>>> print(open('target_18.csv').read())   # CSV, C-alpha atoms
chain,number,residue,atom,x,y,z
A,1,MET,CA,129.1,152.2,5.6
A,2,ARG,CA,131.4,151.8,2.7
A,3,ALA,CA,128.9,153.4,0.3
A,4,ASP,CA,128.4,156.3,2.7
A,5,ALA,CA,132.1,156.8,3.2
A,6,GLY,CA,132.6,156.7,-0.6
A,7,TRP,CA,130.0,159.4,-1.0
A,8,ARG,CA,131.8,161.6,1.5
A,9,ARG,CA,135.2,161.1,-0.2
A,10,ALA,CA,133.8,161.6,-3.7
A,11,GLY,CA,132.7,165.2,-3.2
A,12,ARG,CA,130.0,167.1,-5.0
A,13,GLY,CA,130.4,165.3,-8.4
A,14,ARG,CA,129.9,161.9,-6.7
A,15,ARG,CA,126.8,163.3,-5.0
A,16,ASP,CA,125.3,164.3,-8.3
A,17,ARG,CA,126.0,161.0,-9.9
A,18,LEU,CA,124.5,159.2,-6.9
A,19,HIS,CA,121.5,161.4,-6.9
A,20,ARG,CA,120.8,160.8,-10.5
A,21,ALA,CA,121.2,157.0,-10.2
A,22,ASP,CA,118.8,157.0,-7.2
A,23,HIS,CA,116.2,159.0,-9.1
A,24,SER,CA,116.3,156.6,-12.0
A,25,GLY,CA,115.8,153.7,-9.6
A,26,ALA,CA,112.9,155.4,-8.0
A,27,GLY,CA,111.4,156.0,-11.4
A,28,ARG,CA,111.7,152.3,-12.2
A,29,ARG,CA,110.2,151.3,-8.9
A,30,HIS,CA,107.3,153.8,-9.5
A,31,GLN,CA,106.7,152.3,-12.9
A,32,ARG,CA,106.6,148.7,-11.5
A,33,LEU,CA,104.3,149.8,-8.7
A,34,GLN,CA,102.0,151.5,-11.3
A,35,GLN,CA,102.0,148.3,-13.4
A,36,LEU,CA,101.1,146.2,-10.3
A,37,LEU,CA,98.3,148.6,-9.4
A,38,ASN,CA,96.9,148.4,-12.9
A,39,ARG,CA,96.8,144.6,-12.7
A,40,LEU,CA,95.1,144.8,-9.3
A,41,ILE,CA,92.5,147.2,-10.6
A,42,LEU,CA,91.7,144.8,-13.4
A,43,LEU,CA,91.6,141.9,-11.0
A,44,ALA,CA,89.2,143.8,-8.7
A,45,ALA,CA,86.5,143.9,-11.3
A,46,VAL,CA,86.4,140.1,-11.1
A,47,VAL,CA,87.4,139.2,-7.6
A,48,LEU,CA,85.2,141.6,-5.6
A,49,GLY,CA,82.0,140.1,-7.0
A,50,GLY,CA,83.1,136.8,-8.3
A,51,CYS,CA,85.0,133.7,-7.2
A,52,ALA,CA,88.6,133.6,-6.1
A,53,HIS,CA,90.6,130.4,-6.4
A,54,LEU,CA,92.4,128.5,-3.7
A,55,PRO,CA,96.1,127.8,-4.4
A,56,SER,CA,97.0,124.2,-5.1
A,57,ALA,CA,97.1,122.0,-2.0
A,58,GLU,CA,100.5,121.3,-0.6
A,59,ARG,CA,99.5,118.2,1.3
A,60,ALA,CA,96.5,116.0,1.7
A,61,GLY,CA,96.5,116.0,5.5
A,62,SER,CA,97.3,113.1,7.9
A,63,GLY,CA,95.5,111.2,10.5
A,64,PRO,CA,92.0,109.7,10.4
A,65,LEU,CA,89.8,111.3,7.7
A,66,LEU,CA,86.0,111.4,7.8
A,67,GLU,CA,85.0,112.0,4.2
A,68,LEU,CA,81.6,112.1,2.5
A,69,HIS,CA,82.8,110.2,-0.6
A,70,GLN,CA,79.4,110.2,-2.4
A,71,THR,CA,79.1,114.0,-2.5
A,72,PRO,CA,78.9,115.0,-6.2
A,73,PHE,CA,81.4,117.3,-7.8
A,74,PHE,CA,80.8,120.0,-10.3
A,75,PRO,CA,83.9,121.8,-11.5
A,76,GLN,CA,83.6,125.6,-11.4
A,77,GLN,CA,83.2,127.3,-14.7
A,78,ARG,CA,84.7,130.8,-14.9
A,79,TYR,CA,83.8,132.6,-11.8
A,80,GLN,CA,80.6,130.7,-11.1
A,81,CYS,CA,81.5,129.0,-7.8
A,82,GLY,CA,78.1,129.8,-6.4
A,83,PRO,CA,76.0,127.7,-8.8
A,84,ALA,CA,78.6,124.9,-8.7
A,85,ALA,CA,78.7,124.8,-4.9
A,86,LEU,CA,74.9,124.9,-4.6
A,87,ALA,CA,74.4,122.2,-7.2
A,88,THR,CA,76.8,120.0,-5.1
A,89,LEU,CA,74.6,120.6,-2.1
A,90,LEU,CA,71.2,120.1,-3.8
A,91,VAL,CA,72.2,117.0,-5.8
A,92,ASP,CA,73.6,115.4,-2.7
A,93,SER,CA,70.2,116.0,-1.0
A,94,GLY,CA,68.3,114.2,-3.8
A,95,VAL,CA,67.4,117.1,-6.1
A,96,GLU,CA,68.0,116.7,-9.8
A,97,THR,CA,69.8,119.9,-10.9
A,98,SER,CA,73.0,121.3,-12.3
A,99,PRO,CA,75.1,124.5,-12.2
A,100,ALA,CA,73.8,125.4,-15.6
A,101,THR,CA,70.2,125.1,-14.3
A,102,LEU,CA,71.0,127.3,-11.2
A,103,ILE,CA,72.9,130.1,-13.0
A,104,ASP,CA,69.8,132.1,-13.8
A,105,GLN,CA,68.6,131.8,-10.2
A,106,VAL,CA,71.7,132.8,-8.3
A,107,TRP,CA,74.1,134.4,-10.7
A,108,ILE,CA,74.3,138.3,-10.6
A,109,GLU,CA,75.9,139.5,-13.8
A,110,GLY,CA,76.8,142.9,-12.4
A,111,ARG,CA,78.7,141.4,-9.5
A,112,GLN,CA,80.0,138.4,-11.5
A,113,GLY,CA,79.0,136.2,-8.6
A,114,SER,CA,76.3,135.1,-6.2
A,115,LEU,CA,75.1,136.4,-2.9
A,116,GLN,CA,73.9,134.3,0.0
A,117,PRO,CA,70.2,135.3,-0.2
A,118,GLU,CA,70.0,134.1,-3.8
A,119,LEU,CA,71.6,130.8,-2.7
A,120,LEU,CA,69.1,130.3,0.1
A,121,ALA,CA,66.1,131.2,-2.1
A,122,ALA,CA,67.2,128.8,-4.8
A,123,THR,CA,67.5,126.0,-2.1
A,124,ARG,CA,63.9,126.7,-1.0
A,125,ARG,CA,62.7,126.7,-4.6
A,126,ALA,CA,64.3,123.2,-4.9
A,127,GLY,CA,62.1,122.0,-2.0
A,128,ARG,CA,64.9,121.9,0.6
A,129,LEU,CA,65.4,123.7,3.8
A,130,PRO,CA,68.6,125.8,3.9
A,131,VAL,CA,69.8,125.4,7.5
A,132,VAL,CA,72.4,128.1,8.4
A,133,LEU,CA,74.7,126.5,10.9
A,134,GLU,CA,75.9,128.1,14.1
A,135,PRO,CA,79.2,130.0,13.3
A,136,GLN,CA,81.4,127.5,15.1
A,137,LEU,CA,83.7,124.8,13.8
A,138,ASP,CA,82.0,122.3,16.1
A,139,ALA,CA,78.7,122.9,14.2
A,140,LEU,CA,80.5,122.4,10.9
A,141,GLY,CA,82.1,119.2,12.1
A,142,ALA,CA,78.7,117.9,13.4
A,143,ALA,CA,77.2,118.4,10.0
A,144,ILE,CA,79.9,116.3,8.4
A,145,GLU,CA,79.5,113.6,11.0
A,146,ALA,CA,75.7,113.6,10.3
A,147,GLY,CA,76.4,113.1,6.6
A,148,TYR,CA,75.6,116.6,5.4
A,149,PRO,CA,78.1,118.5,3.2
A,150,ALA,CA,78.2,122.2,4.1
A,151,LEU,CA,78.5,125.1,1.7
A,152,VAL,CA,80.8,127.8,3.1
A,153,LEU,CA,81.8,131.3,2.1
A,154,LEU,CA,85.5,132.0,2.3
A,155,ASN,CA,87.6,135.1,2.0
A,156,LEU,CA,90.9,134.2,0.4
A,157,GLY,CA,92.2,137.8,0.6
A,158,PRO,CA,92.9,140.4,3.2
A,159,ARG,CA,90.1,142.3,4.8
A,160,TRP,CA,90.9,145.4,2.7
A,161,TRP,CA,90.9,143.4,-0.5
A,162,PRO,CA,88.3,140.6,-0.1
A,163,MET,CA,88.5,137.6,-2.5
A,164,TRP,CA,85.2,135.7,-2.0
A,165,HIS,CA,84.9,132.0,-2.8
A,166,TYR,CA,82.2,129.4,-2.2
A,167,ALA,CA,83.2,125.9,-1.5
A,168,VAL,CA,81.7,122.7,-0.1
A,169,VAL,CA,83.2,121.1,3.0
A,170,ILE,CA,83.0,117.3,2.5
A,171,GLY,CA,85.4,115.9,5.1
A,172,MET,CA,87.7,116.6,8.1
A,173,SER,CA,90.7,115.2,9.8
A,174,GLN,CA,92.8,116.1,12.8
A,175,ASP,CA,94.8,118.4,10.6
A,176,GLY,CA,92.1,120.2,8.6
A,177,TRP,CA,89.2,120.2,6.2
A,178,LEU,CA,88.5,118.6,2.8
A,179,LEU,CA,86.6,120.6,0.2
A,180,ARG,CA,85.0,120.5,-3.2
A,181,SER,CA,86.5,123.7,-4.5
A,182,GLY,CA,86.8,125.3,-7.9
A,183,THR,CA,88.2,122.6,-10.2
A,184,GLU,CA,89.5,120.4,-7.4
A,185,PRO,CA,87.3,117.6,-6.1
A,186,ARG,CA,89.4,117.1,-2.9
A,187,ARG,CA,91.1,120.3,-1.8
A,188,PHE,CA,92.7,120.1,1.6
A,189,MET,CA,93.0,123.2,3.9
A,190,ASP,CA,94.7,123.0,7.3
A,191,HIS,CA,92.9,124.2,10.3
A,192,ARG,CA,94.6,127.6,10.5
A,193,ALA,CA,94.2,128.4,6.8
A,194,PHE,CA,90.5,127.3,6.8
A,195,GLU,CA,89.5,129.1,9.9
A,196,HIS,CA,91.2,132.3,8.8
A,197,ALA,CA,89.4,132.2,5.4
A,198,TRP,CA,86.1,131.1,6.9
A,199,HIS,CA,86.3,133.9,9.6
A,200,GLY,CA,86.9,136.4,6.8
A,201,GLY,CA,83.7,135.2,5.1
A,202,GLY,CA,81.6,135.8,8.2
A,203,ARG,CA,81.8,132.1,9.4
A,204,TRP,CA,78.8,131.4,7.2
A,205,ALA,CA,77.9,127.8,6.4
A,206,VAL,CA,74.6,126.2,5.2
A,207,ILE,CA,73.4,122.7,4.7
A,208,ALA,CA,70.4,121.6,2.6
A,209,ALA,CA,67.9,119.3,4.4
A,210,HIS,CA,64.8,117.5,3.3
A,211,PRO,CA,61.8,118.7,5.2
A,212,SER,CA,61.0,115.2,6.5
A,213,HIS,CA,64.3,114.8,8.3
A,214,VAL,CA,65.8,117.3,10.9
A,215,PRO,CA,69.6,117.1,10.7
A,216,ARG,CA,71.3,116.5,14.0
A,217,PRO,CA,73.2,119.9,13.9
A,218,ALA,CA,70.0,121.9,13.4
A,219,HIS,CA,68.7,124.1,16.2
A,220,LEU,CA,65.0,124.4,16.9
A,221,GLU,CA,64.7,128.1,16.2
A,222,ALA,CA,66.7,127.9,13.0
A,223,TRP,CA,64.6,125.0,11.7
A,224,ILE,CA,61.4,126.8,12.5
A,225,ARG,CA,62.6,130.0,10.7
A,226,ALA,CA,63.6,127.9,7.7
A,227,ALA,CA,60.2,126.2,7.6
A,228,ASP,CA,58.5,129.6,7.8
A,229,ASP,CA,60.5,130.9,5.0
A,230,LEU,CA,59.6,127.8,2.9
A,231,ALA,CA,55.9,128.5,3.5
A,232,ARG,CA,56.3,132.2,2.6
A,233,VAL,CA,57.6,131.3,-0.9
A,234,GLY,CA,54.6,129.0,-1.6
A,235,PHE,CA,55.8,125.6,-0.3
A,236,SER,CA,53.2,125.2,2.4
A,237,ALA,CA,53.0,121.4,2.2
A,238,LEU,CA,56.8,121.1,2.6
A,239,ALA,CA,56.7,123.6,5.4
A,240,GLU,CA,54.0,121.6,7.2
A,241,GLN,CA,56.2,118.5,6.7
A,242,ALA,CA,59.2,120.3,8.2
A,243,LEU,CA,57.2,121.5,11.2
A,244,ALA,CA,55.7,118.0,11.8
A,245,SER,CA,59.3,116.8,11.8
A,246,ALA,CA,60.2,119.4,14.4
A,247,THR,CA,57.5,118.0,16.8
A,248,GLY,CA,59.1,114.6,16.4
A,249,ARG,CA,62.6,115.8,16.9
A,250,TRP,CA,61.7,118.2,19.8
A,251,PRO,CA,58.6,116.7,21.4
A,252,ASP,CA,59.0,118.6,24.6
A,253,ALA,CA,59.5,122.0,23.0
A,254,ALA,CA,56.4,124.3,23.1
A,255,LEU,CA,57.7,126.3,20.2
A,256,ALA,CA,57.7,123.2,17.9
A,257,TRP,CA,54.0,122.5,18.7
A,258,PHE,CA,53.1,126.2,18.5
A,259,ALA,CA,54.6,126.6,15.0
A,260,TYR,CA,53.0,123.4,13.8
A,261,GLY,CA,49.6,124.4,15.2
A,262,ASN,CA,49.8,127.8,13.5
A,263,GLN,CA,50.7,126.1,10.2
A,264,GLN,CA,47.7,123.8,10.5
A,265,ALA,CA,45.5,126.8,11.3
A,266,ALA,CA,46.7,128.6,8.3
A,267,ALA,CA,45.7,125.5,6.2
A,268,THR,CA,42.3,125.6,8.0
A,269,ASP,CA,42.8,122.2,9.5
A,270,TRP,CA,41.3,123.4,12.8
A,271,SER,CA,41.2,120.1,14.6
A,272,SER,CA,44.9,119.4,14.0
A,273,ALA,CA,45.7,123.0,15.0
A,274,ALA,CA,43.7,122.5,18.2
A,275,GLN,CA,45.6,119.4,19.1
A,276,ALA,CA,49.1,120.9,18.4
A,277,LEU,CA,48.3,124.2,20.3
A,278,THR,CA,46.8,122.2,23.2
A,279,ARG,CA,50.1,120.5,23.5
A,280,ALA,CA,52.0,123.8,23.3
A,281,VAL,CA,49.9,125.2,26.2
A,282,ALA,CA,50.4,122.1,28.3
A,283,LEU,CA,54.1,122.4,27.9
A,284,ARG,CA,54.2,126.1,28.6
A,285,PRO,CA,51.0,127.1,30.5
A,286,ASP,CA,52.0,130.8,30.9
A,287,TRP,CA,52.7,131.5,27.2
A,288,THR,CA,50.2,134.0,26.1
A,289,PRO,CA,50.7,133.6,22.3
A,290,ALA,CA,49.9,129.8,22.5
A,291,MET,CA,46.9,130.4,24.8
A,292,ASN,CA,45.6,133.1,22.5
A,293,ASN,CA,45.9,131.1,19.3
A,294,LEU,CA,44.4,128.0,20.9
A,295,ALA,CA,41.4,130.1,22.0
A,296,THR,CA,41.0,131.5,18.5
A,297,VAL,CA,41.1,128.0,17.1
A,298,TRP,CA,38.4,126.8,19.5
A,299,LEU,CA,36.2,129.6,18.5
A,300,SER,CA,36.7,128.8,14.8
A,301,LEU,CA,35.5,125.3,15.6
A,302,ASP,CA,32.5,126.6,17.4
A,303,CYS,CA,33.7,125.2,20.7
A,304,PRO,CA,33.4,128.2,23.1
A,305,GLU,CA,33.2,126.0,26.1
A,306,ARG,CA,36.7,124.6,25.3
A,307,ALA,CA,38.0,128.2,25.0
A,308,ARG,CA,36.4,129.3,28.3
A,309,PRO,CA,39.2,128.0,30.7
A,310,LEU,CA,41.7,130.2,28.8
A,311,MET,CA,39.8,133.4,29.2
A,312,PRO,CA,40.9,134.4,32.8
A,313,ARG,CA,44.5,134.1,31.7
A,314,LEU,CA,43.9,136.1,28.6
A,315,ALA,CA,42.1,138.7,30.6
A,316,SER,CA,45.1,139.3,32.8
A,317,ALA,CA,47.6,139.4,29.8
A,318,PRO,CA,48.9,142.8,28.8
A,319,GLU,CA,49.0,142.1,25.1
A,320,ASP,CA,46.4,143.9,22.9
A,321,TYR,CA,45.7,140.8,20.8
A,322,ALA,CA,44.7,138.9,24.0
A,323,ALA,CA,42.1,141.6,24.8
A,324,LYS,CA,40.8,141.3,21.2
A,325,THR,CA,40.4,137.5,21.5
A,326,LEU,CA,38.6,137.9,24.8
A,327,ALA,CA,36.2,140.3,23.2
A,328,GLU,CA,35.6,137.8,20.3
A,329,PHE,CA,34.8,135.1,22.9
A,330,GLN,CA,32.3,137.3,24.7
A,331,ALA,CA,30.6,138.2,21.4
A,332,HIS,CA,30.7,134.6,20.0
A,333,GLN,CA,27.5,133.0,19.2
A,334,ALA,CA,27.7,129.3,18.3
A,335,THR,CA,26.1,128.3,15.0
A,336,GLY,CA,26.0,124.6,15.8
A,337,PRO,CA,27.7,121.8,17.8
A,338,CYS,CA,31.4,121.8,18.4
A,339,ARG,CA,33.2,120.6,15.3
A,340,TYR,CA,36.3,119.4,16.9
A,341,ASP,CA,37.3,116.0,15.4
A,342,PRO,CA,40.4,114.6,17.0
A,343,GLN,CA,42.4,112.5,14.6
>>> encode(input="target_18.csv", output="structure tokens")
Amino acid sequence: MRADAGWRRAGRGRRDRLHRADHSGAGRRHQRLQQLLNRLILLAAVVLGGCAHLPSAERAGSGPLLELHQTPFFPQQRYQCGPAALATLLVDSGVETSPATLIDQVWIEGRQGSLQPELLAATRRAGRLPVVLEPQLDALGAAIEAGYPALVLLNLGPRWWPMWHYAVVIGMSQDGWLLRSGTEPRRFMDHRAFEHAWHGGGRWAVIAAHPSHVPRPAHLEAWIRAADDLARVGFSALAEQALASATGRWPDAALAWFAYGNQQAAATDWSSAAQALTRAVALRPDWTPAMNNLATVWLSLDCPERARPLMPRLASAPEDYAAKTLAEFQAHQATGPCRYDPQ
């Protein structure tokens, strides 16, 4: 009010002086804004494709803490949080590797960072199953409780200016989460900060599992997909091991036996395939894919009489592949005795 009143009393000369002073201030503000924008543009070249940094922790959290103390730590070099975080996961699972070894597999020079598909592919090449967790905090907590550190993608910036960062969750308390992050081996984030950053990163988290052991947080469908991906990149023996583990973990799931039977058939172990697919059909008698594949296996073993009980159900199925299998059965001519050899 006083400044406004002074302007009215000062007359035109005062208005001119006030106007010129205001214009000069606006110019300085514009200059400062331009300098800030230039800095942000320079920062964007790094941040949008590379790794941001968490600010220093203000507190370590209180209350009971569950921490995976034996999880290794590889300090991040430059913007290479992807190789460092993945090395943490793989070495913890028993793989001998290092960030330097993984750089060529996951580092994208043009982006100055790593993308999730590269991290998953490198995990498979190391002979481990990358199991992507359900996008809930409960699943993340279950992984920690089961002894599995989890690699997470965080967005440390706003939506319109993402600042991506990979870290590894190694512990939790009633107040928040403990991470291997950047150059900090024990970085604490409270629940609100972590969930905000994790949500911004798509709530993506992955653990590395040995094919012989199904982690408690794993879901059947996710485990089967991970095993199938392992087979597709040439690790058939490890995929078979993973699917055998699935039948032990989920013995009453037709999908587990179906996937294992298909893997055995792909390896031309027809008798093992017949056993697994017979189990799948017993668990789910109306499932056409399992009946069809079992019939095909029986024909491959020269056992048409074992395939015969499946034909009426395939004849009534609407799928084209069922009709094709029925035709193969009708045209089949045995070349010798049934070669089924139960193990």
>>> atom_distance(input="target_18.csv", atom1="CA of Tyr321 in chain A", atom2="CA of Gly248 in chain A")
29.8 Å
>>> closest_atom_pairs(input="target_18.csv", of="range 106-200 of chain A", to="range 71-89 of chain A", cutoff="6 Å", atoms="only C-alpha atoms", output="Markdown table")
| residue | atom | partner | partner_atom | distance |
| --- | --- | --- | --- | --- |
| A:Ser114 | CA | A:Gly82 | CA | 5.6 |
| A:Tyr166 | CA | A:Cys81 | CA | 5.7 |
| A:Ala167 | CA | A:Ala85 | CA | 5.7 |
| A:Gly182 | CA | A:Gln76 | CA | 4.8 |
| A:Thr183 | CA | A:Pro75 | CA | 4.6 |
>>> residues_around(input="target_18.csv", residues="range 121-137 of chain A", least_positions_apart="5", cutoff="9 Å", atoms="only C-alpha atoms", output="PDB file with C-alpha atoms, keeping the file's coordinate frame")
ATOM      1  CA  LEU A  86      74.900 124.900  -4.600  1.00  0.00           C
ATOM      2  CA  LEU A  89      74.600 120.600  -2.100  1.00  0.00           C
ATOM      3  CA  LEU A  90      71.200 120.100  -3.800  1.00  0.00           C
ATOM      4  CA  SER A  93      70.200 116.000  -1.000  1.00  0.00           C
ATOM      5  CA  VAL A  95      67.400 117.100  -6.100  1.00  0.00           C
ATOM      6  CA  GLU A  96      68.000 116.700  -9.800  1.00  0.00           C
ATOM      7  CA  THR A  97      69.800 119.900 -10.900  1.00  0.00           C
ATOM      8  CA  LEU A 102      71.000 127.300 -11.200  1.00  0.00           C
ATOM      9  CA  GLN A 105      68.600 131.800 -10.200  1.00  0.00           C
ATOM     10  CA  VAL A 106      71.700 132.800  -8.300  1.00  0.00           C
ATOM     11  CA  GLN A 116      73.900 134.300   0.000  1.00  0.00           C
ATOM     12  CA  ALA A 142      78.700 117.900  13.400  1.00  0.00           C
ATOM     13  CA  ALA A 143      77.200 118.400  10.000  1.00  0.00           C
ATOM     14  CA  ALA A 150      78.200 122.200   4.100  1.00  0.00           C
ATOM     15  CA  GLU A 195      89.500 129.100   9.900  1.00  0.00           C
ATOM     16  CA  HIS A 199      86.300 133.900   9.600  1.00  0.00           C
ATOM     17  CA  GLY A 202      81.600 135.800   8.200  1.00  0.00           C
ATOM     18  CA  ARG A 203      81.800 132.100   9.400  1.00  0.00           C
ATOM     19  CA  TRP A 204      78.800 131.400   7.200  1.00  0.00           C
ATOM     20  CA  ALA A 205      77.900 127.800   6.400  1.00  0.00           C
ATOM     21  CA  VAL A 206      74.600 126.200   5.200  1.00  0.00           C
ATOM     22  CA  ILE A 207      73.400 122.700   4.700  1.00  0.00           C
ATOM     23  CA  ALA A 208      70.400 121.600   2.600  1.00  0.00           C
ATOM     24  CA  ALA A 209      67.900 119.300   4.400  1.00  0.00           C
ATOM     25  CA  HIS A 210      64.800 117.500   3.300  1.00  0.00           C
ATOM     26  CA  PRO A 211      61.800 118.700   5.200  1.00  0.00           C
ATOM     27  CA  PRO A 215      69.600 117.100  10.700  1.00  0.00           C
ATOM     28  CA  PRO A 217      73.200 119.900  13.900  1.00  0.00           C
ATOM     29  CA  ALA A 218      70.000 121.900  13.400  1.00  0.00           C
ATOM     30  CA  HIS A 219      68.700 124.100  16.200  1.00  0.00           C
ATOM     31  CA  ALA A 222      66.700 127.900  13.000  1.00  0.00           C
ATOM     32  CA  TRP A 223      64.600 125.000  11.700  1.00  0.00           C
ATOM     33  CA  ALA A 226      63.600 127.900   7.700  1.00  0.00           C
ATOM     34  CA  ALA A 227      60.200 126.200   7.600  1.00  0.00           C
ATOM     35  CA  ASP A 229      60.500 130.900   5.000  1.00  0.00           C
ATOM     36  CA  LEU A 230      59.600 127.800   2.900  1.00  0.00           C
ATOM     37  CA  VAL A 233      57.600 131.300  -0.900  1.00  0.00           C
ATOM     38  CA  GLY A 234      54.600 129.000  -1.600  1.00  0.00           C
ATOM     39  CA  PHE A 235      55.800 125.600  -0.300  1.00  0.00           C
ATOM     40  CA  LEU A 238      56.800 121.100   2.600  1.00  0.00           C
ATOM     41  CA  ALA A 239      56.700 123.600   5.400  1.00  0.00           C
ATOM     42  CA  ALA A 242      59.200 120.300   8.200  1.00  0.00           C
TER      43      ALA A 242
END
>>> closest_residue(input="target_18.csv", among="A:Ile103, A:Ala253, A:Leu301, A:Ala315", to="Ala273 in chain A", atoms="all atoms listed in the file")
A:Leu301
>>> atom_distance(input="target_18.csv", atom1="CA of Ala244 in chain A", atom2="CA of Tyr260 in chain A")
6.4 Å
>>> atom_distance(input="target_18.csv", atom1="CA of Thr101 in chain A", atom2="CA of Val169 in chain A")
22.0 Å
>>> residues_around(input="target_18.csv", residues="Ile144 in chain A", least_positions_apart="2", cutoff="9 Å", atoms="only C-alpha atoms", output="list of chain:residue names")
A:Leu66, A:Glu67, A:Leu68, A:Ala139, A:Leu140, A:Gly141, A:Ala142, A:Ala146, A:Gly147, A:Tyr148, A:Pro149, A:Ala150, A:Val169, A:Ile170, A:Gly171, A:Met172
>>> closest_residue(input="target_18.csv", among="A:Gly200, A:Arg249, A:Leu299, A:Gly336", to="Trp161 in chain A", atoms="only C-alpha atoms")
A:Gly200
>>> closest_residue(input="target_18.csv", among="A:Arg279, A:Ala100, A:Cys303, A:Leu310", to="Gln333 in chain A", atoms="only C-alpha atoms")
A:Cys303
>>> closest_residue(input="target_18.csv", among="A:Met189, A:Ala280, A:Ala323, A:Ala231", to="Ala267 in chain A", atoms="all atoms listed in the file")
A:Ala231
>>> residues_around(input="target_18.csv", residues="range 304-307 of chain A", least_positions_apart="5", cutoff="8 Å", atoms="all atoms listed in the file", output="VMD selection string")
chain A and resid 294 to 296 298 to 299 329 332 334
>>> closest_residue(input="target_18.csv", among="A:Leu120, A:Val168, A:Val91, A:Val214", to="Arg187 in chain A", atoms="all atoms listed in the file")
A:Val168
>>> residues_around(input="target_18.csv", residues="Ser271 in chain A", least_positions_apart="5", cutoff="12 Å", atoms="all atoms listed in the file", output="list in words")
Gly261, Asn262, Gln264, Ala265, Ala266, Ala276, Leu277, Thr278, Leu294, Val297, Trp298, Leu299, Ser300, Leu301, Asp302, Cys303, Cys338, Arg339, Tyr340, Asp341, Pro342 and Gln343 of chain A
>>> decode(input="target_18.csv", residues="range 290-329 of chain A", atoms="C-alpha atoms", output="PDB file, in the first residue's frame")
ATOM      1  CA  ALA A 290      -3.097 -80.749 -22.752  1.00  0.00           C
ATOM      2  CA  MET A 291      -5.208 -83.534 -24.333  1.00  0.00           C
ATOM      3  CA  ASN A 292      -3.969 -82.641 -27.795  1.00  0.00           C
ATOM      4  CA  ASN A 293      -0.301 -82.621 -26.829  1.00  0.00           C
ATOM      5  CA  LEU A 294      -0.614 -85.864 -24.886  1.00  0.00           C
ATOM      6  CA  ALA A 295      -2.211 -87.551 -27.909  1.00  0.00           C
ATOM      7  CA  THR A 296       0.620 -86.274 -30.117  1.00  0.00           C
ATOM      8  CA  VAL A 297       3.206 -87.675 -27.695  1.00  0.00           C
ATOM      9  CA  TRP A 298       1.495 -91.075 -27.619  1.00  0.00           C
ATOM     10  CA  LEU A 299       1.588 -91.196 -31.412  1.00  0.00           C
ATOM     11  CA  SER A 300       5.279 -90.242 -31.365  1.00  0.00           C
ATOM     12  CA  LEU A 301       5.851 -93.230 -29.068  1.00  0.00           C
ATOM     13  CA  ASP A 302       3.909 -95.508 -31.411  1.00  0.00           C
ATOM     14  CA  CYS A 303       1.217 -95.968 -28.753  1.00  0.00           C
ATOM     15  CA  PRO A 304      -2.055 -95.311 -30.643  1.00  0.00           C
ATOM     16  CA  GLU A 305      -4.091 -97.365 -28.179  1.00  0.00           C
ATOM     17  CA  ARG A 306      -3.069 -95.005 -25.391  1.00  0.00           C
ATOM     18  CA  ALA A 307      -4.102 -92.051 -27.542  1.00  0.00           C
ATOM     19  CA  ARG A 308      -7.471 -93.574 -28.493  1.00  0.00           C
ATOM     20  CA  PRO A 309      -9.409 -92.536 -25.291  1.00  0.00           C
ATOM     21  CA  LEU A 310      -8.552 -88.895 -26.040  1.00  0.00           C
ATOM     22  CA  MET A 311      -9.993 -88.893 -29.557  1.00  0.00           C
ATOM     23  CA  PRO A 312     -13.711 -88.378 -28.734  1.00  0.00           C
ATOM     24  CA  ARG A 313     -12.865 -85.260 -26.740  1.00  0.00           C
ATOM     25  CA  LEU A 314     -10.586 -83.939 -29.489  1.00  0.00           C
ATOM     26  CA  ALA A 315     -13.285 -84.661 -32.074  1.00  0.00           C
ATOM     27  CA  SER A 316     -15.704 -82.388 -30.227  1.00  0.00           C
ATOM     28  CA  ALA A 317     -13.143 -79.608 -29.665  1.00  0.00           C
ATOM     29  CA  PRO A 318     -13.485 -76.515 -31.879  1.00  0.00           C
ATOM     30  CA  GLU A 319      -9.756 -75.872 -32.266  1.00  0.00           C
ATOM     31  CA  ASP A 320      -8.156 -76.562 -35.650  1.00  0.00           C
ATOM     32  CA  TYR A 321      -5.104 -78.207 -34.112  1.00  0.00           C
ATOM     33  CA  ALA A 322      -7.368 -80.780 -32.406  1.00  0.00           C
ATOM     34  CA  ALA A 323      -8.848 -81.758 -35.772  1.00  0.00           C
ATOM     35  CA  LYS A 324      -5.325 -82.091 -37.201  1.00  0.00           C
ATOM     36  CA  THR A 325      -4.266 -84.423 -34.369  1.00  0.00           C
ATOM     37  CA  LEU A 326      -7.421 -86.493 -34.867  1.00  0.00           C
ATOM     38  CA  ALA A 327      -6.552 -86.865 -38.554  1.00  0.00           C
ATOM     39  CA  GLU A 328      -3.001 -87.928 -37.668  1.00  0.00           C
ATOM     40  CA  PHE A 329      -4.402 -90.556 -35.309  1.00  0.00           C
TER      41      PHE A 329
END
